[in-house]
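Novice: Starting off with a structure, shown below.
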Amino acid sequence: MPNGESALATALAELTVLGTERDRELLTALRDRLDAVRLRVLVAGEAKRGKSTLVNALLRRDVLPSGVTPLTAVTTTARHGDDPHAVVRFLDGHEEKHPLSVLADVVTERGNPRNRRGVADVTVYLDAPVLAGGVELVDTPGTGSVFQWGTETAREALNSMDAAVFVLTADPPVSASERDLLAEVAGLSVTTFTVLNKADRLDQAGLAEAVEFTRQVLDETSRSGPVYPMSARAALDGDDAGFAAFEADFTAYLSSRRKSDLRVSAIAQARRIASSLLDEVALTRRAAEMRAGDAAERVRRFGARLDDVMVRSRDAVVVADAESARLLFALNDAADADAPRLGREITERLTSVLDGELRTATPAEIQRRGGERLAKLTVAAAESWRQRWREDIEQGLARVDARLAADLKAELDVLRDSAAELLGLDLAVPEPGGRLAESRGFFYNTAGDAGQTELLAGAVRRWLPGEFGRRAAREHLRREAPDLAERQIGRARGDLQYRLAEATRALVRVVEQRYADGTDRIRSALQAAAALREASAAEAGEKKRELAEREAGLRHVTDLLDQTVSEDQATRRGG
């Protein structure tokens, strides 16, 4: 029997042959990391938590695009290299080498909206001390907003990570959706660091409360360990004591546990793949053996329950569409009601300015400065309205998303129970996953449609004498306020309508993908079993031999993985 190192290598090589194309891609990358002793660390978290800024702070240079709005749209991996450059891999399979300056054009929503360039992922190579320590840092699209679902590549990043840095913020504190994501990340990673970014937004007492609350959340998710309050932006711009503490512990971790954690992660990832493949083989063989009578009826009933799950997929789509329609109706109703109200409020605030600091100004000054103040008041009011409804839409879709995910999990649990009851099999049915990421910029336009008549009227107002001119200028601005408020609320409503429509289409796609991910292997096994039952005796015999060989190969893989674990444990005891 090969030693521990070759046993793991043999297991991965054999599993690569036995797996699907998707499995092979994951395993090939895993084998490359093992050969290079390079730990894959995922920087995970919801949108606008400062993940890209944290990666930049670790790299000690401003490499990845960052900002106040969610930017990252494509999974970006930073690796060590003496020649700074970026390798862009496209969905069609080809790759291109570019200077680092191209990143903003390919990895951000601003430069690559909705990934119209067809980028699969980007790998950045540069000479940074943390990367020289044998790690690759993975920056992913943020989760937790509702305007565009993350790409398949972004979701797969969870399954390909070895360790993780989970980024939360001190303000706002950890949310319910972040708890779920944290639990998922911690369950798939060997080691997870928890960062509490943007700590500079709170005073000392508030920060202490935020840290304690975050620790309680970690305890609830069975994830103990330190919480690192920091400001990644301050660390990148100069110095931050919290980041320095995290960086020291992270560097020490890489030095002491990088190799062992990489092996543990490789074994866990291989086990997940082998377990799923064994389920498919077992179901195919079991269903094929049940040819007649009560046995065949049990297979039929199991197939019917699988069909029921797919019917629920269509029901889930109806639920998503219905919630979208409800949110759209509420949005339109609110816009119609709130635009006049905001117009009145803006007019009152503008009047206090016109009758106060601009009371004795010239007509031209009233028109210029009053117009600027009106624009600011209107944009502020419209943006406050837009953000409030953005949150309402986000929460509404998040609720339906959570409900549909819970419903699917319950249905897959029933499917698992049915496999045990009807076929005598214990299936490792996958749980639903997937998160949301924001896209599409937005801006206000406060410039009116100035035709020739209005231009002439404006000129007349500016040059009217004394109080008469001032009164005319003030009245014009007061009349303009309700119309401007209505126009800006209309723009905000249009933006949200677009985002809601995009989110609904994306949510429908992900619902369908979730159901497919949960049932495709099972359906494939039943189809193979049906083909076996219809085949000739000779053909069936050959197929059964192939299944037996496949099962034997997968069992050998799991034996090699068990051997690797045993030898690693013996090595640690001996050390």
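Convention: chains lettered A, B, ... in structure tokens order; per-chain residue numbering from 1; ligands numbered from 1 as shown.
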Do you know which residues are at most 6 Å from stretch 135-142 of chain A counting only C-alpha atoms, after dropping those on the same chain fewer than 4 positions away, and could you put them as a VMD selection string?
Specialist: chain A and resid 38 to 43 46 to 47 72 to 73 75 to 79 131 437
Novice: For A:Ile346, list every protein, DNA or RNA residue within 7 Å, evaluated using only C-alpha atoms, and leave out those in the same chain fewer than 4 positions away; present the list as a ChimeraX atom specification.
Specialist: /A:342,350,377-378,481
Novice: Where does DSSP see strand (DSSP E) in stretch 159-390 of chain A, if you list the residues as a ChimeraX atom specification?
Specialist: /A:163-169,192-197,227-229
Novice: Give me a file of those residues, with C-alpha atoms, as an mmCIF file, in the first residue's frame.
Specialist:
```
data_model
loop_
_atom_site.group_PDB
_atom_site.id
_atom_site.type_symbol
_atom_site.label_atom_id
_atom_site.label_comp_id
_atom_site.auth_asym_id
_atom_site.auth_seq_id
_atom_site.Cartn_x
_atom_site.Cartn_y
_atom_site.Cartn_z
ATOM 1 C CA ALA A 163 -9.735 27.986 4.584
ATOM 2 C CA ALA A 164 -11.685 31.230 4.852
ATOM 3 C CA VAL A 165 -11.618 34.776 6.148
ATOM 4 C CA PHE A 166 -15.217 35.789 6.839
ATOM 5 C CA VAL A 167 -15.714 39.553 6.725
ATOM 6 C CA LEU A 168 -18.416 41.183 8.831
ATOM 7 C CA THR A 169 -18.777 44.844 9.777
ATOM 8 C CA THR A 192 -12.182 30.200 9.403
ATOM 9 C CA PHE A 193 -10.975 33.608 10.594
ATOM 10 C CA THR A 194 -13.646 36.165 11.523
ATOM 11 C CA VAL A 195 -12.959 39.829 10.775
ATOM 12 C CA LEU A 196 -15.117 42.695 12.053
ATOM 13 C CA ASN A 197 -14.327 45.421 9.542
ATOM 14 C CA VAL A 227 -12.923 38.161 16.394
ATOM 15 C CA TYR A 228 -10.629 40.739 14.817
ATOM 16 C CA PRO A 229 -12.090 44.279 14.926
#
```
Novice: I need the residue nearest A:Asn115 from this list: A:Ala406, A:Leu91, A:Ala570, A:Ala170. Use only C-alpha atoms for the distance.
Specialist: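 The closest residue to A:Asn115 is A:Leu91.
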Novice: I'd like the interatomic distance between atom CA of A:Leu306 and atom CA of A:Glu280, to a tenth of an Å.
Specialist: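 Distance reported for this atom pair: 14.3 Å.
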